[in-house]
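Student: One structure, pasted below without further comment.
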Amino acid sequence: METDLLKVEDLRTSFYTDEGEVKAVDGVSFILPKGKTLGIVGESGSGKSITALSILNLLASNGKIVGGEINFKGKNLLSFSDKEMREIRGNAISMIFQEPMTSLNPVFTVGQQISESIIKHQKLSKKEANIRSIELLKLVGIPSPDKRVKQYPYELSGGMRQRVMIAIALACNPEMLIADEPTTALDVTIQAQILGLIRGLQTRFGMSVIMITHDLGVVAETCDFVAVMYAGQVVEYSDIFTLFEEPKHPYTIGLMNSLPRHDVEIEKLEPIRGNVPNPKEMPTGCRFSPRCPAATDLCRREMPELLKDDDGNDVRCWIYSEKWEGEAEVTVYGEKRIAKGHGSETILSD
Amino acid sequence: MVQQSPVAGTIRKPVNPRVESYKNLWRRLRKNKAAVVGGLLILVFLVAGIIGPYLTTQDPNLPQISIKLQGPSAEHWFGTDNYGRDIFTRIIHGMGITMTVGFFSVALGGIIGVFLGIVSGYYGGKLDTVIMRIMDILLAFPGILLALAIVSVLGGSLTNLIIAVGVFSVPAFARIVRGSTLSVRRLEYIDAVKALGASDARIIFKHILPNVMSPIIVQLTLRIATAVLTASGLSFLGLGAPPPTPEWGAMLSEGRAYMQQAPHLVLFPGLMIVLFVLAFNIFGDGLRDALDPKMNK
């Protein structure tokens, strides 16, 4: 039985600018099992949104997918025609965006906008679509849906609009929902409501969700699996528990160290030194090497592959490869740990 | 479980912002006295152009040599011309022609220009470059010269006059619409409807067009003035409607020879052209100010 709804393998997306090719996504692989939530975490410019747009093939005209495979239910989406992709979008795969204030067209009512994809994909009449729109508004927790359906976006608050966006995304019962920083533009209390709503709807309809965020808190709260992205690459992919308990990649460890936690006493948070590399001038070798406390000449010379272990957890770091000799010391939240090379039973030990 | 939002505020009576904004538009427009005068003048022209010809008692094209070149009188309000035709009647009949040329040429130029501009702005890239360079070439011609060239190729008739003035209006629309399309295209709701599987045609006509409508409306009004001026100019040069059509520009041209003896032959058609152009210009300016969100108070 096929349990992997989406399998992305070695995805590469480039943008062609006046200054040459910019490899925005350069080797992204992950698996999204049916009914689960995958978090894609990374800094601004790490390629997480581009990854999402690549899945739906919605790149700007100067962007192009130059390699890899995106298998959705066993079919490679990259081989689909424009028309076939339009059938997928909003139907089997839906997307919600970061900015609810500008994601709705100001000249149409909420109802008209929800109805649009229902009429397109499910071939319902306007009247039936309107009834369905009211149901959907009710589903996403908007009070007085029969009145709201006739309102225009400017009459709704940010949180309300994001609920409307979710209603639009859910209109055709998608199998997969891509949420691109759905809560970034909202304030904290509304954030929690929206995340709760997405999670509730997910369990109710058995959807798979890709949650794109830079917030590890959101990841901890909502995801089953996590892909950590750095400079256009997945540097670590694992299940949520492993990621938080035994982060492997020095970048992930750096992220954890810069996150305040209530269960550990620590005097000072440790930031990751340096800056994200300019995508036009990527370092040779590992892209994190200029900022990595454990980097060696090998790291600076050669790019590590994404190493897979038996549990399906991947990491892109030389420390865990056969080429690494000896041990590496890493500090996870003030606690010194030894990261051992390939083949040892305990990759991280106290 | 679906949660109830605590931020669900009071529900206002649903209002249609388009109706609402047109109400505001009217309110703001009314404050602009010049625009009101322009609008009223346009209304007068429109009514006179449509029902005027049925009310006049004289034939606009019937020569009556015995009463030629008479000055304004109770019987001939604007006097008679070199063939003894009643100038007032001819001007009233010319109103319809002027309006037809103005509206149809701008409609033609507007439809083509809006289409080219929206396609250019939406797709960008090479298509954009090609379309906009062609527009630049059209704009590089001194206005009336382009229309002149087209009419000389097609031959002088009312239809060809409309085509010529229409083509001449295309670049102005294309440029304005392209600019607005560029800004609307980058808004997130365009990505959002794309992510819902909307086709390009649907995005262009359903989602972009209504959002770039205000500059188009203003431009339509202002271009009518330019179009009428250009058409009159062409007729004046003998490239517009053939005689004896009572076209204002042509009347001006015919009357030129008698300017010394009977200045009313050029005065009245000239005055009408000025009034017509002025009316559309001040109304268009007022409309632009009223539609500009920065003017919202």
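Order determines the names: the first chain of the structure tokens is A, the second B, and so forth; residues in each chain are numbered 1 upward, and ligands are numbered 1 upward as they are shown.
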Using only C-alpha atoms and a cut-off of 7 Å, which residues of chain A sit close to chain B? Please list them as a count of residues only.

Tutor: 20

Student: Smallest atom-to-atom distance to Val228 in chain A: which of A:Asp146, A:Asp310, A:Asp180, A:Asp215, using only C-alpha atoms?

Tutor: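 Comparing A:Asp146, A:Asp310, A:Asp180, A:Asp215 against Val228 in chain A, the winner is A:Asp215.
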
Student: Give the helix (DSSP H, G or I) residues of range 250-313 of chain A, as DSSP finds them on the backbone, and put them as an mmCIF file with all heavy atoms, in the first residue's frame.

Tutor:
data_model
loop_
_atom_site.group_PDB
_atom_site.id
_atom_site.type_symbol
_atom_site.label_atom_id
_atom_site.label_comp_id
_atom_site.auth_asym_id
_atom_site.auth_seq_id
_atom_site.Cartn_x
_atom_site.Cartn_y
_atom_site.Cartn_z
ATOM 1 N N PRO A 250 24.809 20.475 12.505
ATOM 2 C CA PRO A 250 25.230 21.621 13.313
ATOM 3 C C PRO A 250 24.319 22.836 13.146
ATOM 4 O O PRO A 250 24.149 23.614 14.085
ATOM 5 C CB PRO A 250 26.634 21.918 12.777
ATOM 6 C CG PRO A 250 27.114 20.633 12.222
ATOM 7 C CD PRO A 250 25.902 19.920 11.702
ATOM 8 N N TYR A 251 23.683 22.976 11.976
ATOM 9 C CA TYR A 251 22.768 24.108 11.780
ATOM 10 C C TYR A 251 21.517 23.935 12.638
ATOM 11 O O TYR A 251 21.069 24.859 13.316
ATOM 12 C CB TYR A 251 22.388 24.227 10.303
ATOM 13 C CG TYR A 251 21.376 25.328 10.038
ATOM 14 C CD1 TYR A 251 21.680 26.649 10.316
ATOM 15 C CD2 TYR A 251 20.117 25.027 9.520
ATOM 16 C CE1 TYR A 251 20.757 27.657 10.080
ATOM 17 C CE2 TYR A 251 19.190 26.026 9.278
ATOM 18 C CZ TYR A 251 19.515 27.345 9.565
ATOM 19 O OH TYR A 251 18.598 28.330 9.336
ATOM 20 N N THR A 252 20.967 22.723 12.622
ATOM 21 C CA THR A 252 19.792 22.448 13.454
ATOM 22 C C THR A 252 20.136 22.667 14.924
ATOM 23 O O THR A 252 19.355 23.258 15.680
ATOM 24 C CB THR A 252 19.323 20.989 13.248
ATOM 25 O OG1 THR A 252 19.403 20.674 11.874
ATOM 26 C CG2 THR A 252 17.923 20.794 13.747
ATOM 27 N N ILE A 253 21.320 22.189 15.306
ATOM 28 C CA ILE A 253 21.755 22.359 16.692
ATOM 29 C C ILE A 253 21.849 23.851 17.012
ATOM 30 O O ILE A 253 21.389 24.309 18.063
ATOM 31 C CB ILE A 253 23.117 21.650 16.897
ATOM 32 C CG1 ILE A 253 22.917 20.134 16.746
ATOM 33 C CG2 ILE A 253 23.702 21.985 18.268
ATOM 34 C CD1 ILE A 253 24.202 19.337 16.663
ATOM 35 N N GLY A 254 22.385 24.605 16.054
ATOM 36 C CA GLY A 254 22.481 26.054 16.239
ATOM 37 C C GLY A 254 21.120 26.692 16.425
ATOM 38 O O GLY A 254 20.936 27.564 17.276
ATOM 39 N N LEU A 255 20.141 26.216 15.633
ATOM 40 C CA LEU A 255 18.777 26.749 15.759
ATOM 41 C C LEU A 255 18.210 26.456 17.138
ATOM 42 O O LEU A 255 17.613 27.315 17.784
ATOM 43 C CB LEU A 255 17.856 26.119 14.709
ATOM 44 C CG LEU A 255 17.968 26.579 13.262
ATOM 45 C CD1 LEU A 255 16.933 25.842 12.425
ATOM 46 C CD2 LEU A 255 17.754 28.068 13.146
ATOM 47 N N MET A 256 18.426 25.207 17.596
ATOM 48 C CA MET A 256 17.913 24.809 18.915
ATOM 49 C C MET A 256 18.556 25.659 19.997
ATOM 50 O O MET A 256 17.901 26.076 20.956
ATOM 51 C CB MET A 256 18.237 23.339 19.183
ATOM 52 C CG MET A 256 17.604 22.379 18.208
ATOM 53 S SD MET A 256 15.823 22.334 18.403
ATOM 54 C CE MET A 256 15.389 21.305 17.020
ATOM 55 N N ASN A 257 19.852 25.922 19.832
ATOM 56 C CA ASN A 257 20.567 26.695 20.842
ATOM 57 C C ASN A 257 20.099 28.141 20.906
ATOM 58 O O ASN A 257 20.266 28.801 21.927
ATOM 59 C CB ASN A 257 22.073 26.677 20.545
ATOM 60 C CG ASN A 257 22.689 25.345 20.914
ATOM 61 O OD1 ASN A 257 22.067 24.540 21.618
ATOM 62 N ND2 ASN A 257 23.891 25.106 20.432
ATOM 63 N N SER A 289 29.503 25.482 6.135
ATOM 64 C CA SER A 289 30.859 25.423 6.680
ATOM 65 C C SER A 289 31.409 26.768 7.170
ATOM 66 O O SER A 289 32.069 26.807 8.205
ATOM 67 C CB SER A 289 31.812 24.768 5.676
ATOM 68 O OG SER A 289 31.860 25.515 4.481
ATOM 69 N N PRO A 290 31.126 27.905 6.487
ATOM 70 C CA PRO A 290 31.697 29.154 7.004
ATOM 71 C C PRO A 290 31.168 29.531 8.387
ATOM 72 O O PRO A 290 31.790 30.320 9.088
ATOM 73 C CB PRO A 290 31.261 30.197 5.961
ATOM 74 C CG PRO A 290 30.945 29.441 4.737
ATOM 75 C CD PRO A 290 30.446 28.108 5.195
ATOM 76 N N ARG A 291 30.021 28.979 8.778
ATOM 77 C CA ARG A 291 29.434 29.329 10.071
ATOM 78 C C ARG A 291 29.494 28.177 11.067
ATOM 79 O O ARG A 291 29.057 28.322 12.204
ATOM 80 C CB ARG A 291 27.963 29.735 9.880
ATOM 81 C CG ARG A 291 27.766 30.868 8.916
ATOM 82 C CD ARG A 291 26.304 31.068 8.599
ATOM 83 N NE ARG A 291 25.603 31.738 9.694
ATOM 84 C CZ ARG A 291 24.292 31.975 9.691
ATOM 85 N NH1 ARG A 291 23.551 31.583 8.671
ATOM 86 N NH2 ARG A 291 23.721 32.591 10.703
ATOM 87 N N ASP A 297 38.689 21.088 6.913
ATOM 88 C CA ASP A 297 39.059 21.324 5.514
ATOM 89 C C ASP A 297 38.164 20.538 4.568
ATOM 90 O O ASP A 297 37.795 21.019 3.506
ATOM 91 C CB ASP A 297 40.520 20.930 5.266
ATOM 92 C CG ASP A 297 41.446 21.972 5.877
ATOM 93 O OD1 ASP A 297 40.933 23.074 6.175
ATOM 94 O OD2 ASP A 297 42.629 21.672 6.067
ATOM 95 N N LEU A 298 37.834 19.312 4.977
ATOM 96 C CA LEU A 298 36.954 18.466 4.164
ATOM 97 C C LEU A 298 35.636 19.189 3.906
ATOM 98 O O LEU A 298 35.142 19.251 2.776
ATOM 99 C CB LEU A 298 36.696 17.146 4.900
ATOM 100 C CG LEU A 298 35.687 16.193 4.260
ATOM 101 C CD1 LEU A 298 36.223 15.639 2.947
ATOM 102 C CD2 LEU A 298 35.321 15.080 5.211
ATOM 103 N N CYS A 299 35.063 19.770 4.969
ATOM 104 C CA CYS A 299 33.780 20.472 4.855
ATOM 105 C C CYS A 299 33.889 21.628 3.881
ATOM 106 O O CYS A 299 32.973 21.909 3.126
ATOM 107 C CB CYS A 299 33.338 21.015 6.205
ATOM 108 S SG CYS A 299 33.180 19.768 7.475
ATOM 109 N N ARG A 300 35.015 22.329 3.944
ATOM 110 C CA ARG A 300 35.156 23.514 3.108
ATOM 111 C C ARG A 300 35.464 23.157 1.657
ATOM 112 O O ARG A 300 35.293 23.971 0.764
ATOM 113 C CB ARG A 300 36.256 24.416 3.667
ATOM 114 C CG ARG A 300 35.783 25.202 4.900
ATOM 115 C CD ARG A 300 36.831 26.136 5.420
ATOM 116 N NE ARG A 300 37.728 25.469 6.359
ATOM 117 C CZ ARG A 300 37.518 25.412 7.672
ATOM 118 N NH1 ARG A 300 36.455 25.993 8.201
ATOM 119 N NH2 ARG A 300 38.360 24.792 8.469
ATOM 120 N N ARG A 301 35.909 21.896 1.456
ATOM 121 C CA ARG A 301 36.334 21.478 0.117
ATOM 122 C C ARG A 301 35.199 20.793 -0.652
ATOM 123 O O ARG A 301 34.973 21.064 -1.810
ATOM 124 C CB ARG A 301 37.526 20.531 0.256
ATOM 125 C CG ARG A 301 38.452 20.524 -0.940
ATOM 126 C CD ARG A 301 39.709 19.722 -0.646
ATOM 127 N NE ARG A 301 39.420 18.403 -0.105
ATOM 128 C CZ ARG A 301 39.874 17.954 1.083
ATOM 129 N NH1 ARG A 301 40.639 18.704 1.841
ATOM 130 N NH2 ARG A 301 39.561 16.735 1.504
#

Student: Just the residues within 12 Å of Cys223 in chain A, please, counting only C-alpha atoms, with nothing from its chain fewer than 5 positions along; format it as JSON, numbers by chain.

Tutor: {"A": [32, 33, 35, 36, 37, 38, 39, 40, 41, 195, 198, 199, 202, 208, 209, 210, 211, 212, 213, 215, 216, 217, 218, 238, 239, 240, 241, 243, 244]}

Student: Counting only C-alpha atoms, what is within 10 Å of Thr89 in chain B, bar same-chain residues fewer than 5 positions away, as a list of chain:residue names?

Tutor: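 Final neighbour list, sorted by chain and number: B:Gly52, B:Pro53, B:Leu55, B:Thr56, B:Thr57, B:Gln58, B:Asp59, B:Pro60, B:Asn61, B:His76, B:Trp77, B:Phe78, B:Gly79, B:Thr80, B:Gly94, B:Met95, B:Pro246.
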
Student: If you keep all heavy atoms, can you produce a file of those selected residues as a compact mmCIF listing (two decimals), in the first residue's frame?

Tutor:
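Dumped to part-v9.txt:
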# COMPACT_ATOMS: atom_id res chain seq x y z
N GLY B 52 -31.30 66.37 -31.21
CA GLY B 52 -31.23 67.63 -31.94
C GLY B 52 -31.63 67.53 -33.41
O GLY B 52 -32.48 68.29 -33.88
N PRO B 53 -31.05 66.59 -34.16
CA PRO B 53 -31.34 66.52 -35.59
C PRO B 53 -32.83 66.37 -35.91
O PRO B 53 -33.29 66.76 -36.98
CB PRO B 53 -30.56 65.28 -36.04
CG PRO B 53 -29.46 65.17 -35.05
CD PRO B 53 -30.01 65.66 -33.76
N LEU B 55 -35.20 67.84 -34.24
CA LEU B 55 -35.89 69.07 -33.88
C LEU B 55 -35.62 70.22 -34.84
O LEU B 55 -36.39 71.16 -34.93
CB LEU B 55 -35.49 69.51 -32.45
CG LEU B 55 -35.81 68.50 -31.35
CD1 LEU B 55 -35.36 69.04 -29.99
CD2 LEU B 55 -37.29 68.17 -31.31
N THR B 56 -34.49 70.14 -35.53
CA THR B 56 -34.17 71.25 -36.44
C THR B 56 -35.11 71.21 -37.65
O THR B 56 -35.48 70.14 -38.13
CB THR B 56 -32.71 71.17 -36.92
OG1 THR B 56 -32.48 69.87 -37.44
CG2 THR B 56 -31.75 71.46 -35.79
N THR B 57 -35.46 72.41 -38.09
CA THR B 57 -36.44 72.48 -39.18
C THR B 57 -35.78 72.55 -40.55
O THR B 57 -36.42 72.36 -41.57
CB THR B 57 -37.33 73.72 -39.00
OG1 THR B 57 -36.47 74.85 -38.78
CG2 THR B 57 -38.27 73.54 -37.82
N GLN B 58 -34.49 72.86 -40.57
CA GLN B 58 -33.85 73.06 -41.87
C GLN B 58 -32.97 71.88 -42.24
O GLN B 58 -32.49 71.14 -41.39
CB GLN B 58 -33.03 74.35 -41.82
CG GLN B 58 -33.88 75.46 -41.23
CD GLN B 58 -33.28 76.82 -41.43
OE1 GLN B 58 -32.49 77.05 -42.33
NE2 GLN B 58 -33.68 77.75 -40.59
N ASP B 59 -32.74 71.77 -43.55
CA ASP B 59 -31.88 70.71 -44.05
C ASP B 59 -30.42 71.15 -43.94
O ASP B 59 -30.07 72.23 -44.42
CB ASP B 59 -32.24 70.45 -45.53
CG ASP B 59 -31.50 69.24 -46.09
OD1 ASP B 59 -30.36 68.99 -45.62
OD2 ASP B 59 -32.04 68.56 -46.97
N PRO B 60 -29.56 70.36 -43.30
CA PRO B 60 -28.18 70.81 -43.11
C PRO B 60 -27.39 70.90 -44.42
O PRO B 60 -26.41 71.62 -44.49
CB PRO B 60 -27.60 69.74 -42.19
CG PRO B 60 -28.44 68.54 -42.41
CD PRO B 60 -29.83 69.05 -42.70
N ASN B 61 -27.83 70.16 -45.42
CA ASN B 61 -27.02 70.11 -46.64
C ASN B 61 -27.67 70.80 -47.84
O ASN B 61 -27.16 70.73 -48.95
CB ASN B 61 -26.73 68.64 -47.00
CG ASN B 61 -25.84 67.99 -45.96
OD1 ASN B 61 -25.00 68.66 -45.36
ND2 ASN B 61 -26.07 66.71 -45.72
N HIS B 76 -31.75 82.45 -38.60
CA HIS B 76 -30.54 81.62 -38.64
C HIS B 76 -29.64 82.02 -37.48
O HIS B 76 -28.88 82.97 -37.56
CB HIS B 76 -29.80 81.83 -39.97
CG HIS B 76 -30.63 81.53 -41.16
ND1 HIS B 76 -30.99 80.25 -41.50
CD2 HIS B 76 -31.21 82.34 -42.08
CE1 HIS B 76 -31.75 80.28 -42.58
NE2 HIS B 76 -31.91 81.54 -42.95
N TRP B 77 -29.79 81.30 -36.38
CA TRP B 77 -29.12 81.68 -35.12
C TRP B 77 -27.63 81.90 -35.28
O TRP B 77 -27.08 82.83 -34.72
CB TRP B 77 -29.37 80.62 -34.05
CG TRP B 77 -30.80 80.60 -33.58
CD1 TRP B 77 -31.79 81.44 -34.00
CD2 TRP B 77 -31.37 79.74 -32.62
NE1 TRP B 77 -32.95 81.16 -33.36
CE2 TRP B 77 -32.73 80.10 -32.49
CE3 TRP B 77 -30.89 78.69 -31.84
CZ2 TRP B 77 -33.59 79.45 -31.63
CZ3 TRP B 77 -31.74 78.04 -30.99
CH2 TRP B 77 -33.09 78.41 -30.88
N PHE B 78 -26.98 80.98 -36.01
CA PHE B 78 -25.53 81.10 -36.18
C PHE B 78 -25.19 81.63 -37.58
O PHE B 78 -24.06 81.54 -38.04
CB PHE B 78 -24.83 79.75 -35.98
CG PHE B 78 -24.82 79.28 -34.53
CD1 PHE B 78 -24.27 78.05 -34.21
CD2 PHE B 78 -25.33 80.07 -33.50
CE1 PHE B 78 -24.26 77.61 -32.88
CE2 PHE B 78 -25.31 79.65 -32.18
CZ PHE B 78 -24.77 78.40 -31.87
N GLY B 79 -26.19 82.11 -38.29
CA GLY B 79 -25.95 82.62 -39.64
C GLY B 79 -25.95 81.50 -40.68
O GLY B 79 -26.28 80.35 -40.38
N THR B 80 -25.60 81.88 -41.92
CA THR B 80 -25.53 80.89 -42.99
C THR B 80 -24.14 80.89 -43.59
O THR B 80 -23.37 81.83 -43.42
CB THR B 80 -26.54 81.22 -44.11
OG1 THR B 80 -26.24 82.52 -44.61
CG2 THR B 80 -27.97 81.19 -43.60
N GLY B 94 -23.70 67.96 -36.88
CA GLY B 94 -22.29 67.58 -36.72
C GLY B 94 -21.98 67.02 -35.34
O GLY B 94 -21.03 66.26 -35.15
N MET B 95 -22.81 67.41 -34.38
CA MET B 95 -22.62 66.93 -33.01
C MET B 95 -22.60 65.40 -32.97
O MET B 95 -21.75 64.80 -32.32
CB MET B 95 -23.80 67.45 -32.17
CG MET B 95 -23.63 67.34 -30.70
SD MET B 95 -23.00 68.86 -30.02
CE MET B 95 -24.35 69.98 -30.27
N PRO B 246 -21.58 67.57 -42.39
CA PRO B 246 -21.41 68.73 -41.51
C PRO B 246 -20.46 68.44 -40.35
O PRO B 246 -20.84 68.55 -39.18
CB PRO B 246 -22.83 69.02 -41.03
CG PRO B 246 -23.54 67.71 -41.09
CD PRO B 246 -22.91 66.93 -42.20

Student: Tell me which protein, DNA and RNA residues are within 10 Å of Lys23 in chain A, counting only C-alpha atoms, leaving out same-chain ones fewer than 4 positions away, and put them as a compact mmCIF listing (two decimals) with all heavy atoms, in the first residue's frame.

Tutor:
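Once written, out_16.txt looks like this:
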# COMPACT_ATOMS: atom_id res chain seq x y z
N ARG A 12 15.62 20.68 -7.80
CA ARG A 12 16.49 21.84 -8.07
C ARG A 12 15.72 22.89 -8.85
O ARG A 12 15.19 22.61 -9.92
CB ARG A 12 17.71 21.41 -8.89
CG ARG A 12 18.68 20.56 -8.11
CD ARG A 12 19.69 19.86 -8.99
NE ARG A 12 20.27 18.76 -8.23
CZ ARG A 12 21.29 18.92 -7.37
NH1 ARG A 12 21.81 20.11 -7.21
NH2 ARG A 12 21.75 17.89 -6.70
N THR A 13 15.65 24.08 -8.29
CA THR A 13 14.96 25.18 -8.96
C THR A 13 15.91 26.37 -9.07
O THR A 13 16.54 26.74 -8.08
CB THR A 13 13.73 25.61 -8.15
OG1 THR A 13 12.86 24.47 -8.02
CG2 THR A 13 12.97 26.72 -8.85
N SER A 14 15.99 26.91 -10.26
CA SER A 14 16.89 28.05 -10.46
C SER A 14 16.11 29.25 -10.99
O SER A 14 15.10 29.10 -11.67
CB SER A 14 17.98 27.71 -11.47
OG SER A 14 18.90 26.83 -10.89
N PHE A 15 16.64 30.43 -10.68
CA PHE A 15 16.09 31.65 -11.26
C PHE A 15 17.16 32.25 -12.16
O PHE A 15 18.33 32.25 -11.82
CB PHE A 15 15.70 32.63 -10.17
CG PHE A 15 14.44 32.23 -9.47
CD1 PHE A 15 14.47 31.37 -8.39
CD2 PHE A 15 13.22 32.68 -9.93
CE1 PHE A 15 13.31 30.96 -7.77
CE2 PHE A 15 12.05 32.28 -9.31
CZ PHE A 15 12.09 31.42 -8.24
N TYR A 16 16.71 32.71 -13.32
CA TYR A 16 17.66 33.30 -14.24
C TYR A 16 17.53 34.81 -14.20
O TYR A 16 16.52 35.36 -14.62
CB TYR A 16 17.45 32.73 -15.64
CG TYR A 16 17.73 31.25 -15.64
CD1 TYR A 16 16.73 30.31 -15.38
CD2 TYR A 16 19.03 30.80 -15.82
CE1 TYR A 16 17.01 28.96 -15.32
CE2 TYR A 16 19.32 29.44 -15.77
CZ TYR A 16 18.30 28.53 -15.51
OH TYR A 16 18.60 27.20 -15.44
N GLY A 27 18.74 20.77 -4.39
CA GLY A 27 18.86 19.48 -3.74
C GLY A 27 17.95 19.36 -2.54
O GLY A 27 18.41 19.30 -1.40
N GLY A 47 14.92 29.03 0.71
CA GLY A 47 14.30 28.29 -0.40
C GLY A 47 13.05 27.54 -0.02
O GLY A 47 12.54 26.75 -0.81
N GLY A 63 11.84 31.73 -13.26
CA GLY A 63 12.21 30.57 -12.46
C GLY A 63 11.95 29.28 -13.22
O GLY A 63 11.03 29.20 -14.03
N LYS A 64 12.79 28.28 -12.97
CA LYS A 64 12.62 27.03 -13.71
C LYS A 64 13.08 25.88 -12.83
O LYS A 64 14.10 25.98 -12.14
CB LYS A 64 13.47 27.08 -14.98
CG LYS A 64 13.07 26.06 -16.01
CD LYS A 64 13.74 26.35 -17.33
CE LYS A 64 13.39 25.30 -18.36
NZ LYS A 64 14.18 24.09 -18.25
N ILE A 65 12.33 24.79 -12.88
CA ILE A 65 12.75 23.59 -12.17
C ILE A 65 13.75 22.89 -13.08
O ILE A 65 13.42 22.52 -14.21
CB ILE A 65 11.55 22.69 -11.86
CG1 ILE A 65 10.59 23.43 -10.93
CG2 ILE A 65 12.01 21.38 -11.23
CD1 ILE A 65 9.26 22.75 -10.73
N VAL A 66 14.99 22.76 -12.61
CA VAL A 66 16.01 22.22 -13.50
C VAL A 66 16.34 20.76 -13.22
O VAL A 66 17.07 20.13 -14.00
CB VAL A 66 17.30 23.08 -13.46
CG1 VAL A 66 17.08 24.40 -14.14
CG2 VAL A 66 17.80 23.28 -12.05
N ALA A 231 20.21 27.46 2.88
CA ALA A 231 20.78 27.88 1.60
C ALA A 231 20.34 26.99 0.43
O ALA A 231 21.15 26.54 -0.36
CB ALA A 231 22.30 27.94 1.69
N GLY A 232 19.04 26.73 0.36
CA GLY A 232 18.49 26.01 -0.78
C GLY A 232 18.58 24.49 -0.70
O GLY A 232 18.20 23.80 -1.63
N GLN A 233 19.12 23.98 0.43
CA GLN A 233 19.23 22.53 0.54
C GLN A 233 18.53 22.04 1.81
O GLN A 233 18.44 22.77 2.79
CB GLN A 233 20.70 22.12 0.64
CG GLN A 233 21.48 22.46 -0.60
CD GLN A 233 22.92 22.06 -0.45
OE1 GLN A 233 23.53 22.27 0.59
NE2 GLN A 233 23.47 21.48 -1.51
N PRO A 279 23.17 33.71 -2.40
CA PRO A 279 22.93 32.58 -3.33
C PRO A 279 23.74 32.69 -4.62
O PRO A 279 23.90 31.71 -5.34
CB PRO A 279 21.43 32.65 -3.61
CG PRO A 279 20.95 33.92 -3.04
CD PRO A 279 21.95 34.43 -2.07
N LYS A 280 24.23 33.89 -4.93
CA LYS A 280 25.04 34.02 -6.14
C LYS A 280 26.49 33.60 -5.91
O LYS A 280 27.23 33.34 -6.83
CB LYS A 280 24.99 35.47 -6.64
CG LYS A 280 23.67 35.82 -7.27
CD LYS A 280 23.55 37.31 -7.53
CE LYS A 280 22.09 37.69 -7.65
NZ LYS A 280 21.81 38.97 -7.00
N MET A 282 27.79 30.97 -3.55
CA MET A 282 27.74 29.91 -2.56
C MET A 282 29.16 29.42 -2.27
O MET A 282 29.98 29.32 -3.18
CB MET A 282 26.91 28.74 -3.10
CG MET A 282 25.42 29.01 -3.06
SD MET A 282 24.84 29.15 -1.38
CE MET A 282 23.11 29.43 -1.66

Student: Please extract the residues of range 43-277 of chain A with a backbone DSSP assignment of strand (DSSP E or B) and present them as an MDAnalysis selection string.

Tutor: chainID A and resid 63:72 75:76 89 93:96 176:180 208:213 225:230 233:239

Student: If you count only C-alpha atoms, which residues fall within 10 Å of Phe205 in chain A, apart from same-chain ones fewer than 4 positions away, as a PyMOL selection string?

Tutor: chain A and resi 35+170+173-175+200-201

Student: Pick from A:Ala92, A:Leu124, A:Met207, A:Ile131: nearest to Cys172 in chain A, with only C-alpha atoms counted?

Tutor: A:Ala92

Student: Give me, please, the distance in Å between CA of Lys248 in chain A and CA of Val315 in chain A, quoted to one decimal.

Tutor: 7.0 Å

Student: Using only C-alpha atoms, find the one residue out of A:Pro182, A:Pro153, A:Gly68, A:Gly111 that sits nearest to Gly196 in chain A.

Tutor: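 Smallest distance to Gly196 in chain A is found for A:Pro182.
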
Student: Which residue gives the smallest distance to Pro100 in chain A among A:Ser29, A:Gln162, A:Thr3, A:Ser61, with only C-alpha atoms counted?

Tutor: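 The answer is A:Gln162, which sits nearest to Pro100 in chain A.
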
Student: Please list as a VMD selection string every residue within 9 Å of range 225-242 of chain B, counting only C-alpha atoms and excluding residues in the same chain fewer than 2 positions away.

Tutor: chain B and resid 98 to 99 101 to 103 105 to 106 143 to 144 147 to 148 151 to 152 155 to 162 164 to 166 168 to 169 221 to 223 244 to 254 273 to 274 276 to 281
